[in-house]
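Colleague: My structure file final_7.tsv, TSV, C-alpha atoms, is below:
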```tsv
chain	number	residue	atom	x	y	z
A	1	MET	CA	0.00	0.00	0.00
A	2	SER	CA	1.24	3.49	-0.83
A	3	VAL	CA	1.30	6.38	1.62
A	4	ALA	CA	-1.81	7.75	-0.13
A	5	ASP	CA	-3.58	4.41	0.31
A	6	HIS	CA	-2.75	4.42	4.01
A	7	LEU	CA	-3.98	8.01	4.33
A	8	ILE	CA	-7.28	7.18	2.61
A	9	TYR	CA	-7.70	4.12	4.83
A	10	ALA	CA	-6.96	6.19	7.95
A	11	LEU	CA	-9.53	8.81	6.91
A	12	LEU	CA	-12.12	6.09	6.34
A	13	TRP	CA	-11.51	4.74	9.85
A	14	PHE	CA	-11.72	8.28	11.24
A	15	GLY	CA	-15.07	8.77	9.49
A	16	PHE	CA	-16.36	5.45	10.82
A	17	ALA	CA	-15.18	6.23	14.35
A	18	LEU	CA	-16.71	9.70	14.31
A	19	SER	CA	-20.08	8.56	12.99
A	20	HIS	CA	-20.17	5.52	15.27
A	21	SER	CA	-19.38	7.54	18.39
A	22	VAL	CA	-21.75	10.41	17.56
A	23	LEU	CA	-24.66	8.11	16.74
A	24	ALA	CA	-24.04	5.89	19.79
A	25	GLY	CA	-25.71	8.37	22.11
A	26	ALA	CA	-29.05	8.10	20.36
A	27	ASP	CA	-32.26	7.23	22.13
A	28	VAL	CA	-35.90	7.78	21.23
A	29	ARG	CA	-35.59	11.53	21.88
A	30	HIS	CA	-32.10	12.23	20.46
A	31	GLY	CA	-30.05	11.63	17.32
A	32	ILE	CA	-31.31	8.99	14.93
A	33	GLY	CA	-33.94	8.12	17.51
A	34	ARG	CA	-35.87	11.19	16.43
A	35	LEU	CA	-36.08	9.68	12.94
A	36	ALA	CA	-36.24	5.96	13.68
A	37	GLY	CA	-38.22	6.03	16.92
A	38	ARG	CA	-38.08	2.78	18.87
A	39	ALA	CA	-36.10	1.16	16.04
A	40	HIS	CA	-33.17	3.53	16.70
A	41	ARG	CA	-30.85	0.85	18.13
A	42	LEU	CA	-31.53	-1.55	15.24
A	43	VAL	CA	-30.94	1.28	12.76
A	44	TYR	CA	-27.74	2.28	14.59
A	45	ASN	CA	-26.40	-1.29	14.48
A	46	ALA	CA	-27.34	-1.70	10.80
A	47	LEU	CA	-25.64	1.58	9.85
A	48	ALA	CA	-22.54	0.65	11.88
A	49	LEU	CA	-22.32	-2.75	10.18
A	50	VAL	CA	-22.71	-1.28	6.68
A	51	ALA	CA	-20.13	1.44	7.42
A	52	LEU	CA	-17.65	-1.07	8.87
A	53	LEU	CA	-18.01	-3.42	5.89
A	54	ALA	CA	-17.52	-0.47	3.51
A	55	VAL	CA	-14.30	0.57	5.30
A	56	LEU	CA	-12.94	-2.99	5.30
A	57	ALA	CA	-13.90	-3.58	1.64
A	58	THR	CA	-12.26	-0.31	0.58
A	59	GLY	CA	-9.15	-1.31	2.52
A	60	ARG	CA	-9.02	-4.63	0.65
A	61	TRP	CA	-9.39	-2.77	-2.63
A	62	LEU	CA	-6.62	-0.30	-1.69
A	63	ALA	CA	-4.31	-3.14	-0.65
A	64	GLY	CA	-4.74	-4.90	-4.00
A	65	ASN	CA	-2.69	-8.08	-4.19
A	66	ALA	CA	-0.37	-7.23	-1.31
A	67	LEU	CA	1.77	-10.08	-0.08
A	68	PRO	CA	1.38	-11.33	3.49
A	69	LEU	CA	3.92	-10.34	6.12
A	70	MET	CA	6.75	-12.72	6.87
A	71	ILE	CA	5.84	-13.92	10.36
A	72	PRO	CA	8.05	-16.32	12.35
A	73	LEU	CA	6.34	-19.66	13.01
A	74	ALA	CA	6.27	-19.19	16.80
A	75	LEU	CA	4.61	-15.77	16.44
A	76	TYR	CA	2.18	-17.20	13.89
A	77	TRP	CA	0.95	-19.74	16.47
A	78	VAL	CA	0.74	-17.08	19.19
A	79	MET	CA	-1.42	-15.05	16.82
A	80	ASN	CA	-3.65	-18.07	16.16
A	81	VAL	CA	-4.09	-18.54	19.91
A	82	ALA	CA	-4.94	-14.81	20.23
A	83	VAL	CA	-7.70	-15.13	17.62
A	84	ILE	CA	-9.20	-18.20	19.29
A	85	ALA	CA	-8.91	-16.56	22.72
A	86	GLY	CA	-10.57	-13.42	21.35
A	87	LEU	CA	-13.48	-15.40	19.91
A	88	VAL	CA	-14.01	-17.30	23.17
A	89	PHE	CA	-13.56	-14.15	25.22
A	90	GLY	CA	-16.02	-12.28	23.00
A	91	TRP	CA	-18.61	-15.05	23.31
A	92	VAL	CA	-18.31	-15.00	27.10
A	93	ALA	CA	-18.39	-11.17	27.16
A	94	ILE	CA	-21.48	-10.87	25.00
A	95	ARG	CA	-23.37	-13.16	27.38
A	96	SER	CA	-23.02	-10.42	30.02
A	97	TYR	CA	-25.20	-8.12	27.95
A	98	HIS	CA	-28.96	-8.12	27.70
A	99	LEU	CA	-28.90	-9.21	24.07
A	100	GLY	CA	-32.25	-7.67	23.15
A	101	ALA	CA	-31.12	-4.22	24.34
A	102	PHE	CA	-27.68	-4.69	22.73
A	103	ILE	CA	-29.14	-5.54	19.32
A	104	GLY	CA	-32.18	-3.28	19.53
A	105	THR	CA	-35.15	-5.63	19.70
A	106	ALA	CA	-35.89	-4.67	23.33
A	107	GLN	CA	-36.18	-0.99	22.36
A	108	LEU	CA	-38.42	-1.96	19.47
A	109	ARG	CA	-40.75	-3.60	22.01
A	110	GLY	CA	-40.79	-0.38	24.04
A	111	THR	CA	-38.04	-0.86	26.64
A	112	ASP	CA	-36.55	2.47	27.71
A	113	ASP	CA	-32.80	2.76	27.00
A	114	ASN	CA	-32.23	4.42	30.36
A	115	ALA	CA	-34.32	2.01	32.43
A	116	ALA	CA	-31.64	-0.63	33.05
A	117	PRO	CA	-29.52	-0.28	36.19
A	118	LEU	CA	-25.72	-0.42	36.06
A	119	ALA	CA	-24.84	-4.10	35.71
A	120	VAL	CA	-21.33	-5.38	36.34
A	121	SER	CA	-21.79	-9.12	36.01
A	122	GLY	CA	-19.70	-11.65	34.11
A	123	LEU	CA	-16.41	-10.36	32.77
A	124	HIS	CA	-17.44	-6.81	33.66
A	125	ARG	CA	-16.53	-7.62	37.26
A	126	TRP	CA	-12.88	-7.70	36.19
A	127	MET	CA	-12.71	-5.19	33.32
A	128	ARG	CA	-14.87	-2.39	31.99
A	129	HIS	CA	-14.64	-3.28	28.30
A	130	PRO	CA	-14.33	-7.05	27.83
A	131	LEU	CA	-15.88	-6.97	24.36
A	132	TYR	CA	-13.28	-4.44	23.25
A	133	SER	CA	-10.55	-6.66	24.68
A	134	ALA	CA	-11.90	-9.57	22.63
A	135	VAL	CA	-11.84	-7.44	19.46
A	136	LEU	CA	-8.24	-6.38	20.18
A	137	LEU	CA	-7.15	-10.00	20.55
A	138	ILE	CA	-8.82	-10.88	17.25
A	139	VAL	CA	-7.53	-7.96	15.15
A	140	TRP	CA	-3.95	-8.27	16.41
A	141	GLY	CA	-4.07	-12.04	16.00
A	142	MET	CA	-5.16	-11.56	12.39
A	143	ALA	CA	-2.53	-8.90	11.56
A	144	ARG	CA	-0.81	-10.93	8.85
A	145	SER	CA	-0.53	-8.35	6.09
A	146	GLU	CA	0.20	-4.64	5.78
A	147	LEU	CA	-3.54	-3.94	5.57
A	148	ASP	CA	-4.31	-6.16	8.57
A	149	LEU	CA	-1.61	-4.39	10.58
A	150	ALA	CA	-3.05	-0.98	9.64
A	151	THR	CA	-6.52	-2.25	10.56
A	152	ALA	CA	-5.30	-3.44	13.96
A	153	CYS	CA	-3.70	-0.04	14.63
A	154	TRP	CA	-6.81	1.95	13.66
A	155	VAL	CA	-9.17	-0.37	15.54
A	156	THR	CA	-6.98	-0.10	18.64
A	157	LEU	CA	-6.91	3.70	18.48
A	158	TYR	CA	-10.67	3.82	17.95
A	159	LEU	CA	-11.43	1.47	20.84
A	160	ILE	CA	-9.22	3.45	23.23
A	161	ILE	CA	-10.77	6.79	22.27
A	162	GLY	CA	-14.27	5.32	21.83
A	163	SER	CA	-14.16	3.76	25.29
A	164	ARG	CA	-13.49	7.21	26.81
A	165	ILE	CA	-16.45	8.70	24.94
A	166	GLU	CA	-18.65	5.78	25.99
A	167	GLU	CA	-17.60	6.20	29.62
A	168	GLN	CA	-18.58	9.86	29.62
A	169	ARG	CA	-22.08	8.77	28.57
A	170	LEU	CA	-22.11	6.14	31.31
A	171	ILE	CA	-21.07	8.73	33.90
A	172	ALA	CA	-23.86	11.02	32.71
A	173	ARG	CA	-26.30	8.12	33.02
A	174	TYR	CA	-25.16	6.41	36.25
A	175	GLY	CA	-23.19	9.16	38.01
A	176	ASP	CA	-21.17	8.18	41.08
A	177	ALA	CA	-22.03	4.49	40.72
A	178	TYR	CA	-20.12	4.36	37.44
A	179	ARG	CA	-17.30	6.56	38.78
A	180	ARG	CA	-16.76	4.10	41.65
A	181	TYR	CA	-16.87	1.14	39.24
A	182	ARG	CA	-14.40	2.85	36.90
A	183	SER	CA	-11.96	3.66	39.70
A	184	ALA	CA	-11.98	0.04	40.94
A	185	THR	CA	-12.02	-1.81	37.61
A	186	PRO	CA	-9.39	-1.69	34.82
A	187	ALA	CA	-10.45	-0.92	31.26
A	188	PHE	CA	-9.09	-3.73	29.05
A	189	LEU	CA	-6.84	-6.02	31.09
A	190	PRO	CA	-8.10	-7.60	34.32
A	191	ARG	CA	-6.24	-7.36	37.59
A	192	TRP	CA	-6.11	-11.08	38.10
A	193	ARG	CA	-4.96	-10.85	41.71
A	194	TRP	CA	-7.91	-8.58	42.55
A	195	ALA	CA	-10.29	-10.68	40.42
A	196	THR	CA	-9.46	-13.95	42.15
A	197	SER	CA	-9.60	-12.49	45.66
A	198	GLY	CA	-12.85	-10.55	45.13
```
How does this structure look as structure tokens?

Modeller:
Amino acid sequence: MSVADHLIYALLWFGFALSHSVLAGADVRHGIGRLAGRAHRLVYNALALVALLAVLATGRWLAGNALPLMIPLALYWVMNVAVIAGLVFGWVAIRSYHLGAFIGTAQLRGTDDNAAPLAVSGLHRWMRHPLYSAVLLIVWGMARSELDLATACWVTLYLIIGSRIEEQRLIARYGDAYRRYRSATPAFLPRWRWATSG
């Protein structure tokens, strides 16, 4: 990939990150919720998926027939383990969420976005963003070409910045309860000593 290709790809990720973060605060009264009503979460997820696929497809097009990176065999197997661990970790993490509210079907049935109390069950007891951690394991485990490496870098940057934006919304919603949770719980990597003793 040329420098121009990398710049275009970076701008596409910036556009995705900006739109994803701005639209994430929507509810029935704000943002796309004013247009989509109770379907706002489904619409948000659909738009995010389409935008993400467009960014990834454009990246593949920009990369052309780029050769894979030369990765030592030991590192190759570590990367494979990271992908598998990320998939397992992601599956466990997603079970901590109320899936209907996460996808948007609960809102479609009339559940208020702000009705749920702060829940810190499952992996959330040990880290604030277990789903993000799973994604990081997967993208870095799959970084086997120049494009994949660029993708891992941009996804990492987005998740770090996006998590801060998300946490400001959670503080606005839950106040001191979330502040206390945030001060006691790491963002992406668990404190295993604390986790096993608590």

Colleague: Using CA of Phe89 (chain A) and CA of Ala134 (chain A) as the two end points, give the distance in Å to one decimal.

Modeller: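 Value for the CA of Phe89 (chain A)-CA of Ala134 (chain A) distance: 5.5 Å.
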
Colleague: Any chance you could work out the axis-aligned box around region 169-180 of chain A, listed atoms only, 5 Å on each side, giving centre and edge lengths in Å to one decimal, as lines of an AutoDock Vina configuration file?

Modeller:
```
center_x = -21.5
center_y = 7.6
center_z = 35.1
size_x = 19.5
size_y = 16.9
size_z = 23.1
```

Colleague: What lies within 12 Å of His6 (chain A) using all atoms listed in the file, ignoring chain neighbours under 5 positions off, as a CSV table (one decimal) with C-alpha atoms, in the coordinates of the input?

Modeller:
```
chain,number,residue,atom,x,y,z
A,1,MET,CA,0.0,0.0,0.0
A,11,LEU,CA,-9.5,8.8,6.9
A,12,LEU,CA,-12.1,6.1,6.3
A,13,TRP,CA,-11.5,4.7,9.8
A,58,THR,CA,-12.3,-0.3,0.6
A,59,GLY,CA,-9.2,-1.3,2.5
A,60,ARG,CA,-9.0,-4.6,0.6
A,61,TRP,CA,-9.4,-2.8,-2.6
A,62,LEU,CA,-6.6,-0.3,-1.7
A,63,ALA,CA,-4.3,-3.1,-0.6
A,146,GLU,CA,0.2,-4.6,5.8
A,147,LEU,CA,-3.5,-3.9,5.6
A,148,ASP,CA,-4.3,-6.2,8.6
A,149,LEU,CA,-1.6,-4.4,10.6
A,150,ALA,CA,-3.0,-1.0,9.6
A,151,THR,CA,-6.5,-2.2,10.6
A,153,CYS,CA,-3.7,0.0,14.6
A,154,TRP,CA,-6.8,2.0,13.7
```

Colleague: So the first atom is CA of Asn65 (chain A) and the second is CA of Val50 (chain A); what is the distance between them in Å, to one decimal place?

Modeller: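 Going from CA of Asn65 (chain A) over to CA of Val50 (chain A) covers 23.8 Å.
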
Colleague: In Å, with one decimal, what is the gap from CA of Gly122 (chain A) to CA of Ile160 (chain A)?

Modeller: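 Going from CA of Gly122 (chain A) over to CA of Ile160 (chain A) covers 21.4 Å.
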